Every structure is written in structure tokens, then in C-alpha cells.
Amino acid sequence: MKQQADETKLGFMKFFTLIIIMLFVFMFRHFVMNRIIVSGKSMEPNFVQNDICWEQRINYRINRYDVVVAKANNEKFIKRVIGLPGDEIVIKDKTVLINGRPINSKYAYTTYANGKSNCLDTTEKIFVCRENEYFLLGDNRQHSKDSRMFGCVSKEDITGRVVFRFYPLNRISKL
């Protein structure tokens with residue numbers, strides 16, 4: 001009888017341990033770090049279709065040129081932060097200016113104000129990031145739906161910062 005009680009107790013402990021582990025994994029995936037699969041070519045050449053990355057969802061600061069996960073128009077996407085709260089972003093002559101200064105040359109891809117590669121595009125667009133708003137661009141500007149189309153993104157709509165790419169194996173990198 002005692003052996004049967006011990007086996008029942010052991011079975012309950014295993015079940016309880018499994019539930020705790022599953023709860024921990026669920027909490028970690030939804031509140032701390034989340035796996036993101038890159039879709040589309042808007043972040044090429046830095047991120048390509050099916051790259052798998054970790055998104056840090058808590059305790060992060062958003063800095064210029066970080067890659068973040070955001071949502072707009074019921075879509076979730078990754079983009080690069082170009083404008084911070086209080087910044088004025090001007091897209092003129094295929095160049096991005098932040099507060100009147102050219103963007104860091106590492107991220108200075110040809111940029112069309114209308115989001116399309118149109119050699120006749122002489123449009124100048126000005127965006128101002130209000131408090132808690134960010135201006136986001138894809139690295140592959142000719143193939144990106146970004147803040148040029150839907151405006152600045154609220155901090156509330158940024159779900160996290162991309163911190164690590166772990167697939168494909170030959171492109172593993174901390175970001």
C-alpha cells in the first residue's frame with residue numbers, strides 16, 4: 001500500500017514539474033523573448049526570407065539604427081529605427097536626412113520618398129516624430145512598406161527589439 005502511495009506521489013510530482021516547465025516556457029516566449037521569422041525582402045541584404053531571430057520583449061531601449069519588431073495595419077514586421085522622438089526626417093533627392101544631417105553611411109541606401117524606385121521621383125517628404133513615436137525604414141527601401149507609407153510608429157506598436165539571429169547557421173549573429 002505504501003509503495004502504491006509513493007508511486008502516486010511520484011507521478012503527481014512529475015506531472016506538476018512538467019506543468020511548471022511548460023508555464024515557464026510559455027511565459028518566456030510571450031513576455032521575455034520571442035522567435036521571429038523574417039518574411040519578405042524589405043530588410044535585404046541584412047535580413048533575408050526565413051532568417052530566424054530572437055526578439056527581446058522586455059527591458060529594452062530603442063536606439064537609432066536598432067532593428068525592431070512592430071505592428072501597423074494589422075501586420076507584424078521588422079524594420080530599422082531611423083527617427084527617434086523629436087526628430088525631423090526629410091527624404092529628398094533619394095537621401096534620408098535626420099534633423100538636417102545625412103543618415104549614417106552604413107544605412108544610407110537609396111531612398112525614394114514615395115517608396116518606389118522611380119527615377120523621376122523628386123518628391124520631398126517631411127516626417128516629424130512626436131513624443132513616443134519612431135520612424136522606421138526597411139533596409140531594402142525599394143521593396144519596403146514602412147513609415148514612408150504609414151507614418152511614424154507609436155512605441156506601443158513596437159513589440160520588441162531584434163537581438164540575435166540564430167538561423168541560418170552560417171549567418172548566426174548578435175545584433
# chains A, B, ... in the order shown; residues from 1 in each chain; ligands from 1
>>> residues_around(residues="range 162-175 of chain A", least_positions_apart="2", cutoff="7 Å", atoms="only C-alpha atoms", output="VMD selection string")
chain A and resid 51 to 56 67 to 69 160
>>> residues_around(residues="Asn132 in chain A", least_positions_apart="6", cutoff="9 Å", atoms="only C-alpha atoms", output="PDB file with C-alpha atoms, in the first residue's frame")
ATOM      1  CA  LEU A  84      13.543  58.932 -32.604  1.00  0.00           C
ATOM      2  CA  PRO A  85      11.012  61.058 -30.691  1.00  0.00           C
ATOM      3  CA  GLY A  86      11.542  64.729 -31.556  1.00  0.00           C
ATOM      4  CA  VAL A 153       5.027  54.250 -35.334  1.00  0.00           C
ATOM      5  CA  SER A 154       3.981  54.606 -31.700  1.00  0.00           C
ATOM      6  CA  LYS A 155       6.144  52.963 -29.027  1.00  0.00           C
ATOM      7  CA  GLU A 156       3.026  50.980 -28.074  1.00  0.00           C
TER       8      GLU A 156
END
>>> residues_around(residues="Leu136 in chain A", least_positions_apart="4", cutoff="6 Å", atoms="only C-alpha atoms", output="list in words")
Lys79, Arg80, Val81, Ile82 and Ser147 of chain A
>>> closest_residue(among="A:Asn99, A:Thr123, A:Met22, A:Glu88", to="Cys152 in chain A", atoms="only C-alpha atoms")
A:Glu88
>>> closest_residue(among="A:Ser144, A:Thr8, A:Asn34, A:Thr95", to="Ile58 in chain A", atoms="only C-alpha atoms")
A:Asn34
>>> select_by_dssp(residues="range 132-169 of chain A", states="strand (DSSP E or B)", output="ChimeraX atom specification")
/A:133-137,153-154,158-167
>>> closest_residue(among="A:Asp87, A:Arg35, A:Phe150, A:Phe26", to="Asn73 in chain A", atoms="only C-alpha atoms")
A:Phe150
>>> residues_around(residues="Lys41 in chain A", least_positions_apart="4", cutoff="7 Å", atoms="only C-alpha atoms", output="NGL selection string")
:A and (48-49 or 140 or 143)
>>> residues_around(residues="Asn59 in chain A", least_positions_apart="2", cutoff="12 Å", atoms="only C-alpha atoms", output="PyMOL selection string")
chain A and resi 31-33+55-57+61-62+159-161
>>> write_last_selection(atoms="N, CA and C atoms", output="short mmCIF file (atom, residue, chain, number, x, y, z; two decimals), in the first residue's frame")
data_model
loop_
_atom_site.label_atom_id
_atom_site.label_comp_id
_atom_site.auth_asym_id
_atom_site.auth_seq_id
_atom_site.Cartn_x
_atom_site.Cartn_y
_atom_site.Cartn_z
N PHE A 31 6.64 36.84 -23.05
CA PHE A 31 6.90 38.07 -22.32
C PHE A 31 8.37 38.48 -22.29
N VAL A 32 9.30 37.56 -22.54
CA VAL A 32 10.72 37.89 -22.44
C VAL A 32 11.36 37.91 -23.82
N MET A 33 11.38 36.77 -24.49
CA MET A 33 11.99 36.65 -25.82
C MET A 33 11.01 35.91 -26.71
N GLU A 55 13.52 38.12 -30.61
CA GLU A 55 13.01 39.46 -30.30
C GLU A 55 13.00 39.60 -28.77
N GLN A 56 13.70 40.61 -28.27
CA GLN A 56 13.67 40.90 -26.84
C GLN A 56 12.42 41.73 -26.57
N ARG A 57 11.55 41.25 -25.68
CA ARG A 57 10.26 41.89 -25.49
C ARG A 57 10.16 42.72 -24.22
N ARG A 61 15.81 49.27 -24.61
CA ARG A 61 15.77 50.66 -25.05
C ARG A 61 15.80 50.66 -26.57
N ILE A 62 15.12 51.62 -27.16
CA ILE A 62 15.13 51.73 -28.62
C ILE A 62 16.12 52.83 -28.98
N THR A 159 6.82 45.95 -30.51
CA THR A 159 6.70 44.85 -29.54
C THR A 159 8.05 44.42 -28.98
N GLY A 160 9.15 44.77 -29.64
CA GLY A 160 10.45 44.38 -29.13
C GLY A 160 11.57 44.75 -30.08
N ARG A 161 12.79 44.42 -29.65
CA ARG A 161 14.00 44.71 -30.41
C ARG A 161 14.64 43.39 -30.83
#
>>> atom_distance(atom1="CA of Glu75 in chain A", atom2="CA of Tyr134 in chain A")
16.7 Å
>>> closest_residue(among="A:Leu23, A:Phe127, A:Ala70, A:Lys92", to="Met149 in chain A", atoms="only C-alpha atoms")
A:Phe127
>>> atom_distance(atom1="CA of Arg64 in chain A", atom2="CA of Val128 in chain A")
14.9 Å
>>> select_by_dssp(residues="chain A", states="alpha helix (DSSP H)", output="mmCIF file with N, CA and C atoms, in the first residue's frame")
data_model
loop_
_atom_site.group_PDB
_atom_site.id
_atom_site.type_symbol
_atom_site.label_atom_id
_atom_site.label_comp_id
_atom_site.auth_asym_id
_atom_site.auth_seq_id
_atom_site.Cartn_x
_atom_site.Cartn_y
_atom_site.Cartn_z
ATOM 1 N N LYS A 2 1.929 1.264 0.831
ATOM 2 C CA LYS A 2 2.833 2.417 0.904
ATOM 3 C C LYS A 2 3.534 2.632 -0.437
ATOM 4 N N GLN A 3 3.929 1.523 -1.109
ATOM 5 C CA GLN A 3 4.599 1.625 -2.403
ATOM 6 C C GLN A 3 3.675 2.274 -3.439
ATOM 7 N N GLN A 4 2.409 1.900 -3.411
ATOM 8 C CA GLN A 4 1.439 2.480 -4.345
ATOM 9 C C GLN A 4 1.260 3.975 -4.062
ATOM 10 N N ALA A 5 1.226 4.386 -2.834
ATOM 11 C CA ALA A 5 1.105 5.803 -2.457
ATOM 12 C C ALA A 5 2.336 6.574 -2.903
ATOM 13 N N ASP A 6 3.532 5.956 -2.741
ATOM 14 C CA ASP A 6 4.771 6.607 -3.181
ATOM 15 C C ASP A 6 4.787 6.785 -4.695
ATOM 16 N N GLU A 7 4.314 5.770 -5.443
ATOM 17 C CA GLU A 7 4.269 5.865 -6.899
ATOM 18 C C GLU A 7 3.283 6.939 -7.342
ATOM 19 N N THR A 8 2.147 7.046 -6.658
ATOM 20 C CA THR A 8 1.158 8.082 -6.967
ATOM 21 C C THR A 8 1.752 9.461 -6.698
ATOM 22 N N LYS A 9 2.446 9.592 -5.591
ATOM 23 C CA LYS A 9 3.081 10.870 -5.233
ATOM 24 C C LYS A 9 4.149 11.243 -6.257
ATOM 25 N N LEU A 10 4.952 10.251 -6.679
ATOM 26 C CA LEU A 10 5.989 10.482 -7.677
ATOM 27 C C LEU A 10 5.366 10.887 -9.016
ATOM 28 N N GLY A 11 4.287 10.226 -9.412
ATOM 29 C CA GLY A 11 3.591 10.579 -10.649
ATOM 30 C C GLY A 11 3.040 11.996 -10.603
ATOM 31 N N PHE A 12 2.474 12.356 -9.455
ATOM 32 C CA PHE A 12 1.964 13.727 -9.296
ATOM 33 C C PHE A 12 3.101 14.739 -9.388
ATOM 34 N N MET A 13 4.254 14.451 -8.768
ATOM 35 C CA MET A 13 5.402 15.369 -8.797
ATOM 36 C C MET A 13 5.920 15.549 -10.225
ATOM 37 N N LYS A 14 5.975 14.458 -10.990
ATOM 38 C CA LYS A 14 6.414 14.545 -12.388
ATOM 39 C C LYS A 14 5.437 15.403 -13.193
ATOM 40 N N PHE A 15 4.150 15.168 -12.996
ATOM 41 C CA PHE A 15 3.133 15.942 -13.700
ATOM 42 C C PHE A 15 3.226 17.424 -13.319
ATOM 43 N N PHE A 16 3.354 17.705 -12.028
ATOM 44 C CA PHE A 16 3.456 19.085 -11.544
ATOM 45 C C PHE A 16 4.706 19.761 -12.105
ATOM 46 N N THR A 17 5.826 19.046 -12.140
ATOM 47 C CA THR A 17 7.072 19.587 -12.700
ATOM 48 C C THR A 17 6.897 19.910 -14.178
ATOM 49 N N LEU A 18 6.262 19.027 -14.922
ATOM 50 C CA LEU A 18 6.011 19.258 -16.347
ATOM 51 C C LEU A 18 5.150 20.503 -16.558
ATOM 52 N N ILE A 19 4.122 20.677 -15.760
ATOM 53 C CA ILE A 19 3.256 21.865 -15.862
ATOM 54 C C ILE A 19 4.055 23.127 -15.584
ATOM 55 N N ILE A 20 4.908 23.118 -14.572
ATOM 56 C CA ILE A 20 5.737 24.284 -14.229
ATOM 57 C C ILE A 20 6.683 24.619 -15.380
ATOM 58 N N ILE A 21 7.305 23.605 -15.966
ATOM 59 C CA ILE A 21 8.218 23.833 -17.094
ATOM 60 C C ILE A 21 7.458 24.419 -18.279
ATOM 61 N N MET A 22 6.304 23.875 -18.592
ATOM 62 C CA MET A 22 5.503 24.390 -19.703
ATOM 63 C C MET A 22 5.070 25.829 -19.449
ATOM 64 N N LEU A 23 4.693 26.141 -18.233
ATOM 65 C CA LEU A 23 4.315 27.504 -17.877
ATOM 66 C C LEU A 23 5.504 28.450 -18.020
ATOM 67 N N PHE A 24 6.667 28.020 -17.578
ATOM 68 C CA PHE A 24 7.874 28.836 -17.702
ATOM 69 C C PHE A 24 8.190 29.113 -19.176
ATOM 70 N N VAL A 25 8.145 28.079 -20.010
ATOM 71 C CA VAL A 25 8.426 28.247 -21.445
ATOM 72 C C VAL A 25 7.412 29.200 -22.069
ATOM 73 N N PHE A 26 6.141 29.037 -21.749
ATOM 74 C CA PHE A 26 5.101 29.925 -22.278
ATOM 75 C C PHE A 26 5.370 31.377 -21.864
ATOM 76 N N MET A 27 5.652 31.601 -20.592
ATOM 77 C CA MET A 27 5.903 32.964 -20.091
ATOM 78 C C MET A 27 7.147 33.553 -20.757
ATOM 79 N N SER A 147 7.508 53.502 -42.713
ATOM 80 C CA SER A 147 6.972 54.783 -42.245
ATOM 81 C C SER A 147 6.738 55.787 -43.362
ATOM 82 N N ARG A 148 7.342 55.582 -44.514
ATOM 83 C CA ARG A 148 7.045 56.477 -45.642
ATOM 84 C C ARG A 148 5.599 56.328 -46.076
ATOM 85 N N MET A 149 5.022 55.136 -45.867
ATOM 86 C CA MET A 149 3.642 54.885 -46.269
ATOM 87 C C MET A 149 2.665 55.104 -45.122
ATOM 88 N N PHE A 150 2.985 54.595 -43.925
ATOM 89 C CA PHE A 150 2.019 54.652 -42.822
ATOM 90 C C PHE A 150 2.405 55.597 -41.702
#
